[in-house]
Amino acid sequence: MALYADSLALNLLRKNFNISNDDNKPIIALAGNPNTGKSTIFNGLTGLRQHTGNWPGKTVGRAEGYFKYKEEEFLIIDLPGTYSLLANSTEELIARDFICFARPDLTLVVADATNLERNLNLVLQVLELSTNTILVLNLLDEARRKGIKIDVKKLEACLQVPVIPAVAREGLGLEEIKKTCYQISKEKIKIKGFKITYSREIEEKIEELIPLLKRKLPFLQKRINWRWLALRLLEGDKTILVSINTYYPIYQERVNIFQKGEVQLDGFNQVWLK
Amino acid sequence: MGLTRSGLNKENINMDNYITKRGKLDYFLPPDIQEEIRAQIVGDIYQEAEKIANKVLISPGEESALENRLDDLLTSRWLGFPLMLFLLAFIFWITIVGANLPSEILASGLFWLEGKISLFFYWLQAPGWLHGILVHGIYRTMAWVISVMFPPMAIFFPLFTLLEDLGYLPRLAFNLDNLFKRAGSHGKQALTMSMGFGCNAAGVISTRIIDSPREKLIAIITNNFVPCNGRFPTLIILASIFMHASFNNTYNSLLAAAVVVAFVLLGIIITLAVSWALSRTLLKGIPSTFTLELPPYRKPQIGRILLRSFLDRTLFVLSRAVLVAAPAGAMIWILANTGFNGSNFIQHLAVFLDPFARLIGLDGFILLAFILGLPANEIVIPILLMGYLSSGLMMEPESLDSLQRILIANGWTWVTALATMLFSLLHFPCGTTLLSIKKETGGLKWPLFTFFLTTAIAISVNFLLVQFLKIFL
Amino acid sequence: MLLSDLKIQEKAEIKAIRVSGRQGRRLLDLGFIPGTIIKAIRKSPLGDPVAYRIKGTVLALRKEETDLIEIRRIE
């Protein structure tokens with residue numbers, strides 16, 4: 001019963017993102033740096049079963065679509081291409097909020113094999129935030145052209161997530177992606193996911209902060225990654241509390257957690273309340 | 001590593017600081033400590049990324065010497081700009097030459113079909129006015145728009161997408177950023193501007209790549225000043241006539257391309273000037289940060305790009321023909337075939353507008369043609385001919401010579417041609433573009449503003465030109 | 001020494017970022033972290049912006065930003 005109420009709440013929340021998923025298909029978020037061939041993968045997976053629109057309230061475009069594997073249908077949302085999830089721009093905010101609050105059942109991160117180190121930055125951040133993650137290592141043809149060779153098995157061991165090599169524009173890897181998504185949805189694969197640890201001082205502060213947050217924000221129980229939230233508050237991310245207020249507004253009256261302040265994002269000054 | 005860890009160690013976070021008296025969760029750490037923590041966090045993530053990358057990279061690969069040399073060339077001090085111009089001219093040239101034959105074929109095909117449709121109407125014994133509106137008005141306008149618009153777009157856009165896929169466009173922004181920065185806007189405006197060559201509406205939509213709302217607006221408003229595919233034919237035809245050229249040999253098509261390039265350069269200069277003015281007055285603000293990634297060149301998937309771009313453009317042109325050209329065609333036919341006192345509305349309006357039009361180097365019919373051409377720039381010349389020939393329907397010039405005769409017979413001089421070309425370059429955006437502006441800015445304010453600003457600039461520039469020439473001639 | 005002083009083809013190590021707030025965070029996110037190696041690759045025809053290679057990517061920055069990054073040149 002509790003589970004049912006929970007998924008109902010999740011659906012309601014997802015409506016905030018203009019996602020209608022009344023038949024409860026598994027939702028996949030597609031993330032990645034710009035220029036990684038993410039849209040090629042999206043197009044390859046969905047074909048004609050896609051449509052474009054905007055993220056609610058923003059002029060950033062969004063593509064969503066469907067694909068099928070065996071009897072299971074998946075809804076896949078293309079997040080804006082971002083270098084990180086640390087909310088420095090509208091795109092990053094959108095991507096972060098979606099993964100954090102809409103809680104997709106799976107997050108696919110597309111990485112550019114010719115630039116692994118930089119792409120891993122986003123991958124590690126996604127791993128911090130999302131539970132089920134798959135890494136798609138794209139542009140392998142370009143990598144080969146440059147003489148770059150990657151040990152995929154080792155990468156899987158380091159990141160503790162499935163890593164799927166791909167050359168999206170030739171259609172390679174797409175079947176494997178669909179299959180892996182299917183296996184995860186049927187819980188045939190369990191993903192552990194590497195969680196990054198920070199320096200001692202920061203880890204200590206996190207330990208101090210988490211019980212406090214749990215006490216003060218009980219409505220977020222089971223709905224947010226506490227460690228991640230603690231990190232955001234420690235580094236002074238002004239947008240996270242605004243986002244919490246946006247997606248859990250019914251709690252606004254009960255727990256006044258905001259302080260008056262200014263959020264500067266892309267040249268807009270939003271003075272947020274209370 | 002250069003980070004002072006003193007802040008982190010010294011501060012013992014007092015748990016009570018987290019919660020103010022009224023139970024609020026507060027930002028308890030002082031901002032400079034937060035900055036340090038942030039730097040530490042980001043540093044730790046990058047460090048881990050580096051560690052993992054080093055572990056799994058069997059061979060790190062090397063930079064491509066060829067790509068480096070190519071980039072050095074494309075961004076070099078002496079060759080960078082000339083090469084850009086050459087590339088631009090080349091693309092225009094291919095578009096012009098390549099579109100020529102298909103346009104003719106499409107035009108003859110569609111007009112042949114019109115004949116059959118007309119026969120059908122006669123067979124039905126349909127009333128003359130019905131045949132007029134539907135066939136001469138709506139169908140013919142649609143046919144004109146399709147045959148003029150579609151071939152150049154089907155060439156330009158795939159070429160542009162090819163450049164984009166190759167990875168050239170960031171180099172373009174890289175080269176031009178300084179100019180745009182000094183004009184108070186953003187280097188990415190170079191890209192939206194380039195998109196505008198194909199279609200101003202597409203250029204407006206492409207401004208989504210600009211983050212700062214202020215700079216995005218500047219890019220949207222000024223996008224009008226680069227001629228789109230719909231305006232090329234007007235520029236080319238007029239240039240060709242008054243340079244006594246024709247399309248039948250390479251030299252003249254090169255000349256035509258050269259004229260288009262000249263007007264494009266003029267458009268770019270005006271874009272920069274207006275951007276500068278806007279950023280000093282109405283759209284004042286600090287320049288946003290500019291970080292551009294220059295990705296490695298990629299081998300584009302030519303087949304797939306061409307197909308997708310082709311299909312996209314086909315859809316666009318056809319939908320525009322139906323949604324915009326058809327109603328416009330109906331209305332224009334009505335204006336041309338109804339009237340009073342022995343003249344139709346077109347003639348009446350032209351007479352009314354004439355005094356003002358003369359001030360800016362045009363005549364009543366030309367100005368009217370521009371006004372009625374608001375829905376789509378491609379129909380300006382057909383409407384003009386319709387006016388001059390007092391015919392009740394839009395005409396297609398049989399040849400450049402016959403067009404030239406008609407214009408000269410109506411008092412055209414090279415000044416008129418120049419003024420018309422200038423007005424074409426600068427005047428208000430077409431209906432589709434205005435709608436795109438409305439969509440992108442979420443309201444009527446900015447499309448209206450753009451409409452009035454561009455028209456005011458067109459009128460002023462033309463007026464000054466006319467006065468200038470009067471003094472010296 | 002500032003990043004804007006680095007000549008083309010020269011390499012350097014980042015020492016500090018002299019700006020805080022949003023701009024500083026953005027630079028951090030792009031990899032401008034103390035200790036990272038950066039190389040000036042080429043200049044735009046008009047002299048600005050300049051393209052740098054950092055963490056495997058080539059990024060172009062304006063002088064206004066490179067004036068804010070402290071570096072130490074390395075051989």
# chains A, B, ... in the order shown; residues from 1 in each chain; ligands from 1

$ residues_around --residues "Pro34 in chain C" --least-positions-apart "2" --cutoff "6 Å" --atoms "only C-alpha atoms" --output "PDB file with N, CA and C atoms, in the first residue's frame"
ATOM      1  N   ILE C  14      48.128  25.433 -13.566  1.00  0.00           N
ATOM      2  CA  ILE C  14      47.235  26.416 -12.968  1.00  0.00           C
ATOM      3  C   ILE C  14      47.529  26.526 -11.480  1.00  0.00           C
ATOM      4  N   LYS C  15      47.661  27.773 -11.028  1.00  0.00           N
ATOM      5  CA  LYS C  15      47.940  27.983  -9.608  1.00  0.00           C
ATOM      6  C   LYS C  15      46.683  28.358  -8.852  1.00  0.00           C
ATOM      7  N   ALA C  16      45.922  29.306  -9.389  1.00  0.00           N
ATOM      8  CA  ALA C  16      44.721  29.741  -8.674  1.00  0.00           C
ATOM      9  C   ALA C  16      43.778  30.453  -9.626  1.00  0.00           C
ATOM     10  N   THR C  36      46.248  21.596 -12.588  1.00  0.00           N
ATOM     11  CA  THR C  36      45.996  21.093 -13.946  1.00  0.00           C
ATOM     12  C   THR C  36      46.946  21.731 -14.950  1.00  0.00           C
TER      13      THR C  36
END

$ interface_residues --of "chain C" --to "chain A" --cutoff "12 Å" --atoms "only C-alpha atoms" --output "mmCIF file with N, CA and C atoms, in the first residue's frame"
data_model
loop_
_atom_site.group_PDB
_atom_site.id
_atom_site.type_symbol
_atom_site.label_atom_id
_atom_site.label_comp_id
_atom_site.auth_asym_id
_atom_site.auth_seq_id
_atom_site.Cartn_x
_atom_site.Cartn_y
_atom_site.Cartn_z
ATOM 1 N N GLY C 21 32.392 33.177 -7.002
ATOM 2 C CA GLY C 21 31.012 33.243 -7.459
ATOM 3 C C GLY C 21 30.793 32.371 -8.685
ATOM 4 N N ARG C 22 29.803 32.748 -9.467
ATOM 5 C CA ARG C 22 29.404 31.914 -10.597
ATOM 6 C C ARG C 22 30.518 31.703 -11.590
ATOM 7 N N GLN C 23 31.226 32.794 -11.898
ATOM 8 C CA GLN C 23 32.256 32.680 -12.915
ATOM 9 C C GLN C 23 33.344 31.714 -12.468
ATOM 10 N N GLY C 24 33.719 31.859 -11.192
ATOM 11 C CA GLY C 24 34.755 30.986 -10.658
ATOM 12 C C GLY C 24 34.324 29.535 -10.704
ATOM 13 N N ARG C 25 33.076 29.276 -10.317
ATOM 14 C CA ARG C 25 32.582 27.906 -10.301
ATOM 15 C C ARG C 25 32.559 27.316 -11.685
ATOM 16 N N ARG C 26 32.193 28.154 -12.653
ATOM 17 C CA ARG C 26 32.151 27.682 -14.021
ATOM 18 C C ARG C 26 33.529 27.254 -14.485
ATOM 19 N N LEU C 27 34.502 28.082 -14.172
ATOM 20 C CA LEU C 27 35.861 27.749 -14.586
ATOM 21 C C LEU C 27 36.318 26.452 -13.926
ATOM 22 N N LEU C 28 35.983 26.314 -12.654
ATOM 23 C CA LEU C 28 36.334 25.082 -11.947
ATOM 24 C C LEU C 28 35.721 23.883 -12.649
ATOM 25 N N ASP C 29 34.449 24.014 -12.946
ATOM 26 C CA ASP C 29 33.736 22.911 -13.584
ATOM 27 C C ASP C 29 34.347 22.517 -14.914
ATOM 28 N N LEU C 30 34.938 23.491 -15.594
ATOM 29 C CA LEU C 30 35.541 23.194 -16.892
ATOM 30 C C LEU C 30 36.921 22.581 -16.740
ATOM 31 N N GLY C 31 37.364 22.458 -15.506
ATOM 32 C CA GLY C 31 38.640 21.785 -15.284
ATOM 33 C C GLY C 31 39.774 22.705 -14.890
ATOM 34 N N PHE C 32 39.483 23.984 -14.680
ATOM 35 C CA PHE C 32 40.558 24.908 -14.308
ATOM 36 C C PHE C 32 40.833 24.812 -12.816
ATOM 37 N N ARG C 53 44.355 24.014 -24.608
ATOM 38 C CA ARG C 53 44.056 22.601 -24.415
ATOM 39 C C ARG C 53 44.150 22.315 -22.922
ATOM 40 N N ILE C 54 43.051 21.824 -22.367
ATOM 41 C CA ILE C 54 43.038 21.486 -20.948
ATOM 42 C C ILE C 54 42.214 20.237 -20.760
ATOM 43 N N LYS C 55 42.811 19.259 -20.072
ATOM 44 C CA LYS C 55 42.148 17.982 -19.828
ATOM 45 C C LYS C 55 41.571 17.389 -21.111
ATOM 46 N N GLY C 56 42.386 17.406 -22.137
ATOM 47 C CA GLY C 56 41.981 16.731 -23.361
ATOM 48 C C GLY C 56 40.995 17.490 -24.236
ATOM 49 N N THR C 57 40.540 18.655 -23.788
ATOM 50 C CA THR C 57 39.603 19.420 -24.624
ATOM 51 C C THR C 57 40.233 20.732 -25.013
ATOM 52 N N VAL C 58 39.828 21.248 -26.162
ATOM 53 C CA VAL C 58 40.302 22.567 -26.573
ATOM 54 C C VAL C 58 39.189 23.572 -26.297
#

$ residues_around --residues "range 32-44 of chain A" --least-positions-apart "4" --cutoff "7 Å" --atoms "only C-alpha atoms" --output "VMD selection string"
chain A and resid 81 to 83 109 to 112 119 138 168 to 169 171 174

$ write_last_selection --atoms "N, CA and C atoms" --output "PDB file, in the first residue's frame"
ATOM      1  N   GLY A  81      22.726  18.547 -23.040  1.00  0.00           N
ATOM      2  CA  GLY A  81      24.128  18.175 -22.892  1.00  0.00           C
ATOM      3  C   GLY A  81      24.804  19.078 -21.880  1.00  0.00           C
ATOM      4  N   THR A  82      25.473  18.497 -20.904  1.00  0.00           N
ATOM      5  CA  THR A  82      26.103  19.313 -19.857  1.00  0.00           C
ATOM      6  C   THR A  82      27.472  18.734 -19.504  1.00  0.00           C
ATOM      7  N   TYR A  83      28.355  19.586 -19.027  1.00  0.00           N
ATOM      8  CA  TYR A  83      29.663  19.123 -18.582  1.00  0.00           C
ATOM      9  C   TYR A  83      29.619  18.627 -17.147  1.00  0.00           C
ATOM     10  N   VAL A 109      24.405   7.427 -19.488  1.00  0.00           N
ATOM     11  CA  VAL A 109      25.336   8.520 -19.719  1.00  0.00           C
ATOM     12  C   VAL A 109      26.162   8.187 -20.958  1.00  0.00           C
ATOM     13  N   VAL A 110      26.154   9.124 -21.903  1.00  0.00           N
ATOM     14  CA  VAL A 110      26.934   8.914 -23.116  1.00  0.00           C
ATOM     15  C   VAL A 110      28.260   9.648 -22.981  1.00  0.00           C
ATOM     16  N   ALA A 111      29.355   8.928 -23.188  1.00  0.00           N
ATOM     17  CA  ALA A 111      30.673   9.545 -23.064  1.00  0.00           C
ATOM     18  C   ALA A 111      31.413   9.473 -24.382  1.00  0.00           C
ATOM     19  N   ASP A 112      32.267  10.448 -24.576  1.00  0.00           N
ATOM     20  CA  ASP A 112      33.088  10.519 -25.771  1.00  0.00           C
ATOM     21  C   ASP A 112      34.382   9.772 -25.497  1.00  0.00           C
ATOM     22  N   ASN A 119      34.970  13.488 -19.749  1.00  0.00           N
ATOM     23  CA  ASN A 119      33.628  12.936 -19.705  1.00  0.00           C
ATOM     24  C   ASN A 119      33.356  12.219 -18.391  1.00  0.00           C
ATOM     25  N   ASN A 138      30.797   6.104 -26.516  1.00  0.00           N
ATOM     26  CA  ASN A 138      30.515   6.369 -27.927  1.00  0.00           C
ATOM     27  C   ASN A 138      31.733   6.919 -28.659  1.00  0.00           C
ATOM     28  N   ALA A 168      27.601   5.049 -32.471  1.00  0.00           N
ATOM     29  CA  ALA A 168      26.172   5.291 -32.669  1.00  0.00           C
ATOM     30  C   ALA A 168      25.817   5.592 -34.112  1.00  0.00           C
ATOM     31  N   ARG A 169      26.665   6.341 -34.791  1.00  0.00           N
ATOM     32  CA  ARG A 169      26.246   6.741 -36.125  1.00  0.00           C
ATOM     33  C   ARG A 169      26.339   5.628 -37.129  1.00  0.00           C
ATOM     34  N   GLY A 171      25.212   2.722 -35.926  1.00  0.00           N
ATOM     35  CA  GLY A 171      24.223   1.826 -35.342  1.00  0.00           C
ATOM     36  C   GLY A 171      24.793   0.764 -34.440  1.00  0.00           C
ATOM     37  N   LEU A 174      23.629  -0.119 -30.242  1.00  0.00           N
ATOM     38  CA  LEU A 174      22.255   0.230 -29.880  1.00  0.00           C
ATOM     39  C   LEU A 174      21.482  -0.969 -29.345  1.00  0.00           C
TER      40      LEU A 174
END

$ closest_atom_pairs --of "chain C" --to "chain B" --cutoff "6 Å" --atoms "only C-alpha atoms" --output "tab-separated table"
residue	atom	partner	partner_atom	distance
C:Ser44	CA	B:Asn175	CA	5.3
C:Pro45	CA	B:Arg77	CA	4.1
C:Val58	CA	B:Leu294	CA	5.4
C:Leu59	CA	B:Glu293	CA	4.5
C:Ala60	CA	B:Leu292	CA	5.0
C:Leu61	CA	B:Thr291	CA	5.4

$ write_last_selection --atoms "C-alpha atoms" --output "CSV table (one decimal), in the first residue's frame"
chain,number,residue,atom,x,y,z
C,44,SER,CA,41.9,33.9,-33.2
C,45,PRO,CA,42.8,36.1,-36.2
C,58,VAL,CA,40.3,22.6,-26.6
C,59,LEU,CA,38.5,25.6,-25.1
C,60,ALA,CA,38.5,29.1,-26.3
C,61,LEU,CA,38.6,31.9,-23.7

$ residues_around --residues "Pro104 in chain A" --least-positions-apart "3" --cutoff "9 Å" --atoms "only C-alpha atoms" --output "list of chain:residue names"
A:Pro26, A:Ile27, A:Ile28, A:Ala29, A:Phe98, A:Ile99, A:Cys100, A:Phe101, A:Thr107, A:Ser130, A:Asn132

$ residues_around --residues "Asn18 in chain A" --least-positions-apart "2" --cutoff "9 Å" --atoms "only C-alpha atoms" --output "PyMOL selection string"
chain A and resi 14-16+20+55-56

$ write_last_selection --atoms "C-alpha atoms" --output "short mmCIF file (atom, residue, chain, number, x, y, z; two decimals), in the first residue's frame"
data_model
loop_
_atom_site.label_atom_id
_atom_site.label_comp_id
_atom_site.auth_asym_id
_atom_site.auth_seq_id
_atom_site.Cartn_x
_atom_site.Cartn_y
_atom_site.Cartn_z
CA ARG A 14 6.92 13.67 -12.77
CA LYS A 15 3.97 15.60 -14.14
CA ASN A 16 5.89 18.69 -13.07
CA SER A 20 2.87 11.72 -18.95
CA TRP A 55 11.33 21.80 -20.77
CA PRO A 56 8.48 23.36 -18.81
#

$ closest_residue --among "A:Ala102, A:Leu13, A:Leu137, A:Cys158" --to "chain B" --atoms "only C-alpha atoms"
A:Cys158

$ interface_residues --of "chain A" --to "chain B" --cutoff "8 Å" --atoms "only C-alpha atoms" --output "MDAnalysis selection string"
chainID A and resid 35 59:60 116:118 120:121 124:125 142:143 146:152 154:155 158 169 196 198:199 201:202 205 216 233:236 255:259 266:267

$ select_by_dssp --residues "range 142-231 of chain A" --states "alpha helix (DSSP H)" --output "PDB file with C-alpha atoms, in the first residue's frame"
ATOM      1  CA  GLU A 142      36.986   8.433 -33.757  1.00  0.00           C
ATOM      2  CA  ALA A 143      39.000   7.017 -30.871  1.00  0.00           C
ATOM      3  CA  ARG A 144      40.411   4.309 -33.077  1.00  0.00           C
ATOM      4  CA  ARG A 145      41.290   6.890 -35.682  1.00  0.00           C
ATOM      5  CA  VAL A 152      36.332  -1.534 -21.304  1.00  0.00           C
ATOM      6  CA  LYS A 153      36.353  -4.366 -18.785  1.00  0.00           C
ATOM      7  CA  LYS A 154      38.611  -2.428 -16.491  1.00  0.00           C
ATOM      8  CA  LEU A 155      36.423   0.621 -16.835  1.00  0.00           C
ATOM      9  CA  GLU A 156      33.439  -1.461 -15.855  1.00  0.00           C
ATOM     10  CA  ALA A 157      35.336  -2.679 -12.817  1.00  0.00           C
ATOM     11  CA  CYS A 158      36.338   0.835 -11.796  1.00  0.00           C
ATOM     12  CA  LEU A 159      32.915   2.393 -12.242  1.00  0.00           C
ATOM     13  CA  LEU A 174      22.255   0.230 -29.880  1.00  0.00           C
ATOM     14  CA  GLU A 175      20.951  -3.326 -29.541  1.00  0.00           C
ATOM     15  CA  GLU A 176      23.250  -3.885 -26.600  1.00  0.00           C
ATOM     16  CA  ILE A 177      21.939  -0.721 -24.933  1.00  0.00           C
ATOM     17  CA  LYS A 178      18.346  -1.837 -25.332  1.00  0.00           C
ATOM     18  CA  LYS A 179      19.170  -5.291 -24.050  1.00  0.00           C
ATOM     19  CA  THR A 180      20.961  -3.974 -20.991  1.00  0.00           C
ATOM     20  CA  CYS A 181      18.099  -1.605 -20.191  1.00  0.00           C
ATOM     21  CA  TYR A 182      15.756  -4.553 -20.425  1.00  0.00           C
ATOM     22  CA  GLN A 183      17.871  -6.713 -18.177  1.00  0.00           C
ATOM     23  CA  ILE A 184      18.070  -4.002 -15.566  1.00  0.00           C
ATOM     24  CA  SER A 185      14.321  -3.396 -15.687  1.00  0.00           C
ATOM     25  CA  ARG A 200      38.532  13.536   5.124  1.00  0.00           C
ATOM     26  CA  GLU A 201      37.342  16.948   6.214  1.00  0.00           C
ATOM     27  CA  ILE A 202      34.488  16.977   3.771  1.00  0.00           C
ATOM     28  CA  GLU A 203      33.446  13.433   4.596  1.00  0.00           C
ATOM     29  CA  GLU A 204      33.340  14.365   8.273  1.00  0.00           C
ATOM     30  CA  LYS A 205      31.121  17.352   7.589  1.00  0.00           C
ATOM     31  CA  ILE A 206      28.832  15.159   5.523  1.00  0.00           C
ATOM     32  CA  GLU A 207      28.500  12.708   8.394  1.00  0.00           C
ATOM     33  CA  GLU A 208      27.549  15.530  10.730  1.00  0.00           C
ATOM     34  CA  LEU A 209      25.022  17.013   8.372  1.00  0.00           C
ATOM     35  CA  ILE A 210      23.053  13.997   7.225  1.00  0.00           C
ATOM     36  CA  PRO A 211      21.201  13.147  10.470  1.00  0.00           C
ATOM     37  CA  LEU A 212      20.249  16.769  10.774  1.00  0.00           C
ATOM     38  CA  LEU A 213      18.826  16.878   7.285  1.00  0.00           C
ATOM     39  CA  LYS A 214      16.879  13.720   7.883  1.00  0.00           C
ATOM     40  CA  ARG A 215      15.350  15.285  10.924  1.00  0.00           C
ATOM     41  CA  LYS A 216      14.524  18.583   9.280  1.00  0.00           C
ATOM     42  CA  TRP A 226      21.036  12.531   1.564  1.00  0.00           C
ATOM     43  CA  ARG A 227      24.748  12.442   1.019  1.00  0.00           C
ATOM     44  CA  TRP A 228      24.375  14.303  -2.238  1.00  0.00           C
ATOM     45  CA  LEU A 229      22.094  16.882  -0.644  1.00  0.00           C
ATOM     46  CA  ALA A 230      24.560  17.396   2.188  1.00  0.00           C
ATOM     47  CA  LEU A 231      27.332  18.037  -0.313  1.00  0.00           C
TER      48      LEU A 231
END

$ atom_distance --atom1 "CA of Ala458 in chain B" --atom2 "CA of Leu426 in chain B"
5.0 Å

$ closest_residue --among "B:Ile346, B:Leu162, B:Ile471, B:Ala321" --to "Gly387 in chain B" --atoms "only C-alpha atoms"
B:Ile346

$ select_by_dssp --residues "chain C" --states "strand (DSSP E)" --output "mmCIF file with N, CA and C atoms, in the first residue's frame"
data_model
loop_
_atom_site.group_PDB
_atom_site.id
_atom_site.type_symbol
_atom_site.label_atom_id
_atom_site.label_comp_id
_atom_site.auth_asym_id
_atom_site.auth_seq_id
_atom_site.Cartn_x
_atom_site.Cartn_y
_atom_site.Cartn_z
ATOM 1 N N LYS C 11 53.321 25.765 -22.239
ATOM 2 C CA LYS C 11 52.524 25.010 -21.274
ATOM 3 C C LYS C 11 52.628 25.655 -19.900
ATOM 4 N N ALA C 12 51.589 25.435 -19.100
ATOM 5 C CA ALA C 12 51.633 25.989 -17.752
ATOM 6 C C ALA C 12 50.822 25.126 -16.800
ATOM 7 N N GLU C 13 51.032 25.378 -15.508
ATOM 8 C CA GLU C 13 50.240 24.696 -14.500
ATOM 9 C C GLU C 13 49.383 25.758 -13.819
ATOM 10 N N ILE C 14 48.128 25.433 -13.566
ATOM 11 C CA ILE C 14 47.235 26.416 -12.968
ATOM 12 C C ILE C 14 47.529 26.526 -11.480
ATOM 13 N N LYS C 15 47.661 27.773 -11.028
ATOM 14 C CA LYS C 15 47.940 27.983 -9.608
ATOM 15 C C LYS C 15 46.683 28.358 -8.852
ATOM 16 N N ALA C 16 45.922 29.306 -9.389
ATOM 17 C CA ALA C 16 44.721 29.741 -8.674
ATOM 18 C C ALA C 16 43.778 30.453 -9.626
ATOM 19 N N ILE C 17 42.531 30.533 -9.206
ATOM 20 C CA ILE C 17 41.549 31.286 -9.984
ATOM 21 C C ILE C 17 41.158 32.510 -9.193
ATOM 22 N N ILE C 37 47.345 20.940 -15.922
ATOM 23 C CA ILE C 37 48.232 21.459 -16.973
ATOM 24 C C ILE C 37 47.407 22.061 -18.096
ATOM 25 N N ILE C 38 47.838 23.197 -18.591
ATOM 26 C CA ILE C 38 47.131 23.849 -19.684
ATOM 27 C C ILE C 38 48.134 24.320 -20.730
ATOM 28 N N LYS C 39 47.725 24.250 -22.000
ATOM 29 C CA LYS C 39 48.627 24.647 -23.073
ATOM 30 C C LYS C 39 47.905 25.613 -24.000
ATOM 31 N N ALA C 40 48.562 26.702 -24.341
ATOM 32 C CA ALA C 40 47.963 27.663 -25.279
ATOM 33 C C ALA C 40 48.177 27.147 -26.697
ATOM 34 N N ILE C 41 47.096 26.994 -27.429
ATOM 35 C CA ILE C 41 47.193 26.346 -28.738
ATOM 36 C C ILE C 41 47.252 27.345 -29.885
ATOM 37 N N ARG C 42 46.260 28.211 -29.958
ATOM 38 C CA ARG C 42 46.292 29.182 -31.059
ATOM 39 C C ARG C 42 45.430 30.378 -30.738
ATOM 40 N N LYS C 43 45.714 31.442 -31.492
ATOM 41 C CA LYS C 43 44.977 32.693 -31.315
ATOM 42 C C LYS C 43 43.981 32.858 -32.446
ATOM 43 N N VAL C 50 41.546 33.101 -27.304
ATOM 44 C CA VAL C 50 42.672 32.188 -27.514
ATOM 45 C C VAL C 50 42.206 30.791 -27.143
ATOM 46 N N ALA C 51 42.662 29.804 -27.917
ATOM 47 C CA ALA C 51 42.267 28.424 -27.658
ATOM 48 C C ALA C 51 43.312 27.729 -26.798
ATOM 49 N N TYR C 52 42.847 27.035 -25.755
ATOM 50 C CA TYR C 52 43.737 26.324 -24.849
ATOM 51 C C TYR C 52 43.352 24.862 -24.793
ATOM 52 N N ARG C 53 44.355 24.014 -24.608
ATOM 53 C CA ARG C 53 44.056 22.601 -24.415
ATOM 54 C C ARG C 53 44.150 22.315 -22.922
ATOM 55 N N ILE C 54 43.051 21.824 -22.367
ATOM 56 C CA ILE C 54 43.038 21.486 -20.948
ATOM 57 C C ILE C 54 42.214 20.237 -20.760
ATOM 58 N N THR C 57 40.540 18.655 -23.788
ATOM 59 C CA THR C 57 39.603 19.420 -24.624
ATOM 60 C C THR C 57 40.233 20.732 -25.013
ATOM 61 N N VAL C 58 39.828 21.248 -26.162
ATOM 62 C CA VAL C 58 40.302 22.567 -26.573
ATOM 63 C C VAL C 58 39.189 23.572 -26.297
ATOM 64 N N LEU C 59 39.471 24.532 -25.430
ATOM 65 C CA LEU C 59 38.489 25.550 -25.066
ATOM 66 C C LEU C 59 38.999 26.926 -25.459
ATOM 67 N N ALA C 60 38.105 27.767 -25.962
ATOM 68 C CA ALA C 60 38.497 29.135 -26.306
ATOM 69 C C ALA C 60 38.016 30.076 -25.211
ATOM 70 N N LEU C 61 38.901 30.938 -24.753
ATOM 71 C CA LEU C 61 38.559 31.888 -23.699
ATOM 72 C C LEU C 61 38.943 33.290 -24.103
ATOM 73 N N ILE C 69 43.126 34.062 -14.315
ATOM 74 C CA ILE C 69 43.671 32.760 -13.961
ATOM 75 C C ILE C 69 45.173 32.863 -13.769
ATOM 76 N N GLU C 70 45.611 32.471 -12.581
ATOM 77 C CA GLU C 70 47.037 32.538 -12.259
ATOM 78 C C GLU C 70 47.706 31.234 -12.632
ATOM 79 N N ILE C 71 48.848 31.334 -13.275
ATOM 80 C CA ILE C 71 49.528 30.110 -13.706
ATOM 81 C C ILE C 71 51.010 30.157 -13.361
ATOM 82 N N ARG C 72 51.622 29.001 -13.570
ATOM 83 C CA ARG C 72 53.068 28.916 -13.430
ATOM 84 C C ARG C 72 53.548 28.218 -14.698
ATOM 85 N N ARG C 73 54.403 28.899 -15.438
ATOM 86 C CA ARG C 73 54.817 28.314 -16.706
ATOM 87 C C ARG C 73 55.719 27.118 -16.478
ATOM 88 N N ILE C 74 55.554 26.086 -17.301
ATOM 89 C CA ILE C 74 56.449 24.926 -17.174
ATOM 90 C C ILE C 74 57.056 24.608 -18.536
#

$ atom_distance --atom1 "CA of Ser103 in chain B" --atom2 "CA of Tyr139 in chain B"
16.5 Å

$ atom_distance --atom1 "CA of Gly443 in chain B" --atom2 "CA of Ser185 in chain B"
22.2 Å

$ residues_around --residues "Ala325 in chain B" --least-positions-apart "4" --cutoff "10 Å" --atoms "only C-alpha atoms" --output "PyMOL selection string"
chain B and resi 137-146+318-321+329-331+373+375-376+378-379

$ residues_around --residues "Thr46 in chain A" --least-positions-apart "5" --cutoff "10 Å" --atoms "only C-alpha atoms" --output "PyMOL selection string"
chain A and resi 40-41+51+64-68+74-76
